[in-house]
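Below is upload-v8.cif, holding mmCIF, C-alpha atoms.
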```cif
data_data
#
loop_
_atom_site.group_PDB
_atom_site.id
_atom_site.type_symbol
_atom_site.label_atom_id
_atom_site.label_comp_id
_atom_site.auth_asym_id
_atom_site.auth_seq_id
_atom_site.Cartn_x
_atom_site.Cartn_y
_atom_site.Cartn_z
ATOM 1 C CA MET A 1 -28.486 -14.874 -4.540
ATOM 2 C CA ASN A 2 -29.788 -12.259 -2.129
ATOM 3 C CA ILE A 3 -28.187 -8.864 -2.749
ATOM 4 C CA ILE A 4 -29.269 -5.942 -0.622
ATOM 5 C CA LEU A 5 -28.516 -2.294 -1.232
ATOM 6 C CA SER A 6 -27.902 -0.561 2.075
ATOM 7 C CA PRO A 7 -30.539 2.183 2.376
ATOM 8 C CA ALA A 8 -28.617 3.847 5.202
ATOM 9 C CA HIS A 9 -25.968 4.805 2.652
ATOM 10 C CA PHE A 10 -28.443 6.509 0.318
ATOM 11 C CA THR A 11 -30.187 9.814 0.272
ATOM 12 C CA THR A 12 -33.910 9.462 -0.310
ATOM 13 C CA GLY A 13 -35.711 8.780 -3.560
ATOM 14 C CA GLU A 14 -34.390 10.226 -6.766
ATOM 15 C CA ASP A 15 -31.499 11.942 -4.988
ATOM 16 C CA MET A 16 -29.613 8.630 -5.203
ATOM 17 C CA LYS A 17 -26.466 8.995 -7.306
ATOM 18 C CA ILE A 18 -25.722 5.987 -9.463
ATOM 19 C CA GLY A 19 -22.426 5.271 -11.217
ATOM 20 C CA LEU A 20 -22.037 2.708 -13.979
ATOM 21 C CA ASP A 21 -19.141 1.332 -15.959
ATOM 22 C CA PHE A 22 -19.647 1.301 -19.741
ATOM 23 C CA ASP A 23 -18.073 -1.869 -21.179
ATOM 24 C CA GLY A 24 -19.595 -4.865 -19.419
ATOM 25 C CA VAL A 25 -22.443 -2.970 -17.720
ATOM 26 C CA ILE A 26 -23.973 -0.820 -20.476
ATOM 27 C CA THR A 27 -22.622 -2.793 -23.439
ATOM 28 C CA ASP A 28 -21.668 -6.441 -23.848
ATOM 29 C CA ALA A 29 -17.873 -6.121 -23.925
ATOM 30 C CA GLY A 30 -17.302 -9.862 -24.386
ATOM 31 C CA ASP A 31 -19.514 -9.927 -27.469
ATOM 32 C CA LEU A 32 -17.601 -7.072 -29.101
ATOM 33 C CA LYS A 33 -14.240 -8.656 -28.286
ATOM 34 C CA SER A 34 -15.438 -11.990 -29.673
ATOM 35 C CA TYR A 35 -16.526 -10.251 -32.888
ATOM 36 C CA GLY A 36 -13.149 -8.478 -33.140
ATOM 37 C CA ALA A 37 -11.176 -11.712 -32.636
ATOM 38 C CA LYS A 38 -13.105 -13.358 -35.457
ATOM 39 C CA LEU A 39 -12.697 -10.299 -37.701
ATOM 40 C CA LEU A 40 -8.949 -9.829 -37.107
ATOM 41 C CA TYR A 41 -7.687 -13.368 -36.547
ATOM 42 C CA GLY A 42 -10.430 -15.735 -37.646
ATOM 43 C CA ILE A 43 -10.647 -17.292 -34.194
ATOM 44 C CA ASP A 44 -13.753 -18.069 -32.184
ATOM 45 C CA ILE A 45 -13.557 -17.164 -28.516
ATOM 46 C CA PRO A 46 -16.841 -17.260 -26.586
ATOM 47 C CA PRO A 47 -17.809 -13.858 -25.152
ATOM 48 C CA GLU A 48 -18.055 -15.257 -21.619
ATOM 49 C CA ARG A 49 -14.335 -16.157 -21.695
ATOM 50 C CA PHE A 50 -13.147 -12.841 -23.070
ATOM 51 C CA LYS A 51 -10.946 -11.364 -20.375
ATOM 52 C CA LYS A 52 -7.272 -10.635 -21.066
ATOM 53 C CA ARG A 53 -5.953 -12.790 -18.221
ATOM 54 C CA LEU A 54 -8.003 -15.753 -19.470
ATOM 55 C CA ILE A 55 -7.001 -15.734 -23.123
ATOM 56 C CA VAL A 56 -3.504 -14.239 -23.483
ATOM 57 C CA GLY A 57 -1.077 -17.120 -23.737
ATOM 58 C CA THR A 58 -3.783 -19.642 -24.572
ATOM 59 C CA GLU A 59 -5.980 -18.190 -27.324
ATOM 60 C CA MET A 60 -3.866 -15.263 -28.525
ATOM 61 C CA THR A 61 -0.653 -13.371 -27.821
ATOM 62 C CA ALA A 62 -0.432 -10.159 -25.804
ATOM 63 C CA GLU A 63 0.328 -8.278 -29.025
ATOM 64 C CA GLN A 64 -2.775 -9.712 -30.693
ATOM 65 C CA TYR A 65 -4.906 -8.763 -27.690
ATOM 66 C CA ASP A 66 -3.539 -5.191 -27.736
ATOM 67 C CA ARG A 67 -4.313 -4.890 -31.461
ATOM 68 C CA LEU A 68 -7.785 -6.281 -30.838
ATOM 69 C CA SER A 69 -8.391 -3.751 -28.032
ATOM 70 C CA LYS A 70 -7.282 -0.843 -30.216
ATOM 71 C CA THR A 71 -9.567 -2.004 -33.011
ATOM 72 C CA ILE A 72 -12.732 -2.470 -30.971
ATOM 73 C CA TYR A 73 -12.287 0.687 -28.901
ATOM 74 C CA TYR A 74 -10.839 3.134 -31.455
ATOM 75 C CA ASP A 75 -12.215 1.992 -34.847
ATOM 76 C CA ARG A 76 -15.593 3.707 -35.073
ATOM 77 C CA GLU A 77 -17.092 1.218 -37.543
ATOM 78 C CA VAL A 78 -16.208 -1.746 -35.333
ATOM 79 C CA GLY A 79 -16.923 0.071 -32.064
ATOM 80 C CA MET A 80 -20.426 1.099 -33.074
ATOM 81 C CA ARG A 81 -21.307 -2.608 -33.373
ATOM 82 C CA MET A 82 -21.620 -2.723 -29.577
ATOM 83 C CA ARG A 83 -24.685 -4.496 -28.272
ATOM 84 C CA PRO A 84 -26.479 -3.427 -25.118
ATOM 85 C CA VAL A 85 -26.388 -5.679 -22.074
ATOM 86 C CA ASP A 86 -29.716 -7.501 -21.787
ATOM 87 C CA GLY A 87 -32.251 -5.332 -19.998
ATOM 88 C CA MET A 88 -30.198 -2.148 -20.114
ATOM 89 C CA LEU A 89 -32.415 -0.463 -22.704
ATOM 90 C CA GLU A 90 -35.436 -1.166 -20.517
ATOM 91 C CA TYR A 91 -34.116 -0.261 -17.065
ATOM 92 C CA LEU A 92 -31.607 2.554 -17.617
ATOM 93 C CA PRO A 93 -34.221 4.741 -19.336
ATOM 94 C CA LYS A 94 -36.576 4.065 -16.402
ATOM 95 C CA LEU A 95 -33.953 5.300 -13.936
ATOM 96 C CA LEU A 96 -33.394 8.410 -16.051
ATOM 97 C CA GLU A 97 -37.139 9.075 -16.431
ATOM 98 C CA GLU A 98 -37.585 8.712 -12.674
ATOM 99 C CA GLY A 99 -34.994 11.421 -12.112
ATOM 100 C CA TYR A 100 -32.060 9.422 -10.768
ATOM 101 C CA ASP A 101 -28.634 11.033 -11.124
ATOM 102 C CA VAL A 102 -26.844 8.525 -13.370
ATOM 103 C CA ARG A 103 -23.243 8.893 -14.501
ATOM 104 C CA ILE A 104 -21.130 6.515 -16.574
ATOM 105 C CA VAL A 105 -17.475 6.347 -15.561
ATOM 106 C CA THR A 106 -15.377 4.353 -18.009
ATOM 107 C CA SER A 107 -11.743 3.453 -18.544
ATOM 108 C CA ARG A 108 -12.216 4.587 -22.130
ATOM 109 C CA ASP A 109 -10.768 7.961 -23.017
ATOM 110 C CA GLY A 110 -10.202 10.114 -26.096
ATOM 111 C CA ALA A 111 -11.642 8.666 -29.303
ATOM 112 C CA ALA A 112 -12.824 5.507 -27.503
ATOM 113 C CA ALA A 113 -14.934 7.617 -25.115
ATOM 114 C CA ASP A 114 -16.247 9.633 -28.085
ATOM 115 C CA ILE A 115 -17.388 6.386 -29.763
ATOM 116 C CA ALA A 116 -19.147 5.372 -26.533
ATOM 117 C CA ARG A 117 -20.901 8.759 -26.371
ATOM 118 C CA ALA A 118 -21.988 8.430 -30.016
ATOM 119 C CA TRP A 119 -23.341 4.937 -29.302
ATOM 120 C CA LEU A 120 -25.305 6.237 -26.293
ATOM 121 C CA ARG A 121 -26.798 9.022 -28.443
ATOM 122 C CA GLU A 122 -27.729 6.431 -31.078
ATOM 123 C CA GLN A 123 -29.615 4.528 -28.359
ATOM 124 C CA GLY A 124 -31.401 7.728 -27.292
ATOM 125 C CA LEU A 125 -29.671 7.791 -23.891
ATOM 126 C CA GLY A 126 -28.715 11.211 -22.548
ATOM 127 C CA VAL A 127 -26.293 10.024 -19.882
ATOM 128 C CA GLU A 128 -23.135 11.817 -18.795
ATOM 129 C CA LEU A 129 -20.073 9.738 -19.690
ATOM 130 C CA ILE A 130 -16.712 10.477 -18.079
ATOM 131 C CA GLY A 131 -13.772 8.996 -19.966
ATOM 132 C CA ASN A 132 -11.341 8.375 -17.140
ATOM 133 C CA GLY A 133 -8.596 6.424 -18.899
ATOM 134 C CA LYS A 134 -6.768 3.616 -17.118
ATOM 135 C CA GLY A 135 -6.453 5.360 -13.745
ATOM 136 C CA SER A 136 -8.581 4.915 -10.641
ATOM 137 C CA LYS A 137 -12.246 5.840 -10.933
ATOM 138 C CA ALA A 138 -12.235 7.236 -7.374
ATOM 139 C CA ILE A 139 -12.349 10.968 -8.219
ATOM 140 C CA PRO A 140 -15.223 10.828 -10.764
ATOM 141 C CA CYS A 141 -17.098 8.395 -8.480
ATOM 142 C CA THR A 142 -16.817 10.539 -5.346
ATOM 143 C CA GLY A 143 -20.326 11.277 -4.089
ATOM 144 C CA ARG A 144 -21.926 8.319 -5.892
ATOM 145 C CA ASP A 145 -24.149 6.117 -3.702
ATOM 146 C CA ILE A 146 -23.697 3.055 -5.885
ATOM 147 C CA PHE A 147 -21.256 1.929 -8.558
ATOM 148 C CA VAL A 148 -21.593 -1.105 -10.833
ATOM 149 C CA ASP A 149 -18.611 -2.497 -12.775
ATOM 150 C CA ASP A 150 -17.663 -5.838 -14.303
ATOM 151 C CA ASP A 151 -14.014 -5.440 -13.257
ATOM 152 C CA LEU A 152 -13.349 -6.436 -9.634
ATOM 153 C CA PRO A 153 -10.001 -4.564 -9.290
ATOM 154 C CA LYS A 154 -11.716 -1.334 -10.409
ATOM 155 C CA LEU A 155 -14.346 -1.824 -7.686
ATOM 156 C CA GLU A 156 -11.730 -2.612 -5.044
ATOM 157 C CA GLU A 157 -10.172 0.811 -5.704
ATOM 158 C CA LEU A 158 -13.528 2.397 -4.788
ATOM 159 C CA ILE A 159 -13.886 0.839 -1.328
ATOM 160 C CA GLY A 160 -14.234 3.748 1.083
ATOM 161 C CA THR A 161 -15.261 6.122 -1.722
ATOM 162 C CA VAL A 162 -18.564 4.605 -2.860
ATOM 163 C CA PRO A 163 -20.615 2.904 -0.129
ATOM 164 C CA ASN A 164 -22.378 0.320 -2.339
ATOM 165 C CA LEU A 165 -20.269 -1.525 -4.901
ATOM 166 C CA TYR A 166 -21.572 -4.201 -7.253
ATOM 167 C CA LEU A 167 -19.760 -6.587 -9.570
ATOM 168 C CA PHE A 168 -21.854 -7.250 -12.668
ATOM 169 C CA SER A 169 -21.508 -11.005 -13.183
ATOM 170 C CA TRP A 170 -20.255 -12.453 -16.462
ATOM 171 C CA GLY A 171 -18.686 -15.811 -17.315
ATOM 172 C CA TYR A 172 -15.236 -14.203 -17.294
ATOM 173 C CA ASN A 173 -15.511 -12.947 -13.691
ATOM 174 C CA THR A 174 -17.510 -15.684 -11.931
ATOM 175 C CA GLN A 175 -14.372 -17.284 -10.455
ATOM 176 C CA GLU A 176 -13.342 -13.997 -8.804
ATOM 177 C CA GLU A 177 -14.218 -13.938 -5.132
ATOM 178 C CA THR A 178 -15.830 -10.752 -3.895
ATOM 179 C CA HIS A 179 -15.222 -9.599 -0.351
ATOM 180 C CA SER A 180 -16.771 -7.294 2.196
ATOM 181 C CA GLY A 181 -18.002 -4.129 0.554
ATOM 182 C CA ILE A 182 -18.611 -5.651 -2.896
ATOM 183 C CA SER A 183 -21.600 -7.784 -3.889
ATOM 184 C CA ARG A 184 -22.530 -9.428 -7.160
ATOM 185 C CA ILE A 185 -25.372 -8.261 -9.346
ATOM 186 C CA GLU A 186 -26.696 -10.560 -12.068
ATOM 187 C CA SER A 187 -28.921 -8.415 -14.297
ATOM 188 C CA TRP A 188 -30.324 -4.990 -15.029
ATOM 189 C CA LYS A 189 -33.674 -6.112 -13.655
ATOM 190 C CA GLN A 190 -32.018 -6.974 -10.358
ATOM 191 C CA ILE A 191 -30.138 -3.703 -10.007
ATOM 192 C CA TYR A 192 -33.276 -1.703 -10.837
ATOM 193 C CA ARG A 193 -35.357 -3.647 -8.314
ATOM 194 C CA ARG A 194 -32.788 -3.199 -5.549
ATOM 195 C CA ILE A 195 -32.522 0.541 -6.208
ATOM 196 C CA LYS A 196 -36.309 0.875 -6.062
ATOM 197 C CA GLU A 197 -36.452 -1.106 -2.810
ATOM 198 C CA ALA A 198 -33.831 1.159 -1.248
ATOM 199 C CA THR A 199 -35.629 4.418 -2.067
#
```
If you took the structure in this file and wrote it as structure tokens, what would it be?
Amino acid sequence: MNIILSPAHFTTGEDMKIGLDFDGVITDAGDLKSYGAKLLYGIDIPPERFKKRLIVGTEMTAEQYDRLSKTIYYDREVGMRMRPVDGMLEYLPKLLEEGYDVRIVTSRDGAAADIARAWLREQGLGVELIGNGKGSKAIPCTGRDIFVDDDLPKLEELIGTVPNLYLFSWGYNTQEETHSGISRIESWKQIYRRIKEAT
């Protein structure tokens, strides 16, 4: 797949402002949900299938999914079990060392955002994290040159606000069709390479 960042939309070099989602871009959200489902209900759901619309009604009830979400996002002991997305611990520090302006904008808020911040500190990553809650990410993403998320509807809300939008591909979102203004990105290596090519 050939994905091209549009250099015309960027300022030069390290002035590029990068926005990243947390769950599904920084950490492996499917893995944590899979762990939580096994812990709470004794059921095995592969991480690549773990999206609410795919499993509620087939693998678990809406009430079970809500309880699972509260546990993995608000229980510190469970939440700190998050695993980084492959390549993130190699490429995000490089972007930070090279002086890029990186901001994490997440739907987490309150205690869930605090757990995410603690996890980032534990990984040695000094990245600003904005806990935006369930609303649109448009205001905290204003002025970003690029935003990467694993949730297509969240990216669609940013069309016209952020010039370069990327859907981080996972098994649970591969069937979603992207449209003009949103491209897929497959790995941290790929996003790093494209950013470097554009600067």
### Task
Can you turn the PyMOL selection byres ((chain A and resi 135) around 12) into a concrete residue list for this file, as a VMD selection string?
chain A and resid 105 to 109 131 to 134 136 to 140 153 to 154 157 to 158
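Evaluated against the shown file, the PyMOL selection byres ((chain A and resi 86) around 12) gives Gly24, Val25, Ile26, Thr27, Asp28, Asp31, Arg83, Pro84, Val85, Gly87, Met88, Leu89, Glu90, Tyr91, Leu92, Trp170, Glu186, Ser187, Trp188, Lys189 and Gln190 of chain A.
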Original post:
Quick one: distance from atom CA of A:Phe22 to atom CA of A:Arg193 in Å, one decimal?
Top reply: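 Between atom CA of A:Phe22 and atom CA of A:Arg193 the gap works out to 20.0 Å.
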As lines of an AutoDock Vina configuration file, please: the centre and edge lengths in Å, to one decimal, of an axis-aligned box enclosing every listed atom of stretch 104-112 of chain A with 8 Å added on each side.
```
center_x = -15.7
center_y = 6.8
center_z = -22.4
size_x = 26.9
size_y = 22.7
size_z = 29.7
```
message = Once the PyMOL selection byres ((chain A and resi 59) around 12) has been evaluated on this model, what residues remain selected, and can you format them as a ChimeraX atom specification?
response = /A:34,37-38,41-46,49-58,60-65
Contacts of A:Leu32 within 8 Å, all atoms listed in the file, excl. fewer than 2 positions in-chain, as a PyMOL selection string:
chain A and resi 28-30+34-36+47+72+79+81-83
For A:Asp145, find every residue with an atom within 6 Å (counting only C-alpha atoms), except residues of its own chain fewer than 6 positions away, and show them as a CSV table (one decimal) with C-alpha atoms, keeping the file's coordinate frame.
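Contents of out14.csv, freshly written:
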```csv
chain,number,residue,atom,x,y,z
A,10,PHE,CA,-28.4,6.5,0.3
A,17,LYS,CA,-26.5,9.0,-7.3
A,18,ILE,CA,-25.7,6.0,-9.5
A,162,VAL,CA,-18.6,4.6,-2.9
A,163,PRO,CA,-20.6,2.9,-0.1
```
Point-to-point distance from atom CA of A:Gly126 to atom CA of A:Glu97, Å rounded to tenths:
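It comes out at 10.6 Å.
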For A:Leu20, list every protein, DNA or RNA residue within 7 Å, evaluated using only C-alpha atoms, and leave out those in the same chain fewer than 6 positions away; present the list as a PDB file with C-alpha atoms, in the frame of the given file.
```
ATOM      1  CA  ARG A 103     -23.243   8.893 -14.501  1.00  0.00           C
ATOM      2  CA  ILE A 104     -21.130   6.515 -16.574  1.00  0.00           C
ATOM      3  CA  VAL A 105     -17.475   6.347 -15.561  1.00  0.00           C
ATOM      4  CA  PHE A 147     -21.256   1.929  -8.558  1.00  0.00           C
ATOM      5  CA  VAL A 148     -21.593  -1.105 -10.833  1.00  0.00           C
ATOM      6  CA  ASP A 149     -18.611  -2.497 -12.775  1.00  0.00           C
TER       7      ASP A 149
END
```
- Item | Straight-line distance linking atom CA of A:Glu197 with atom CA of A:Pro93, stated in Å to one decimal |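 Spanning atom CA of A:Glu197 to atom CA of A:Pro93 is a straight-line distance of 17.7 Å.
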- Given the choices A:Glu98, A:Leu152, A:Ile191, A:Gly160, which gets closest to A:His179 if the distance is worked out from only C-alpha atoms?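 Closest to A:His179 of all the choices is A:Leu152.
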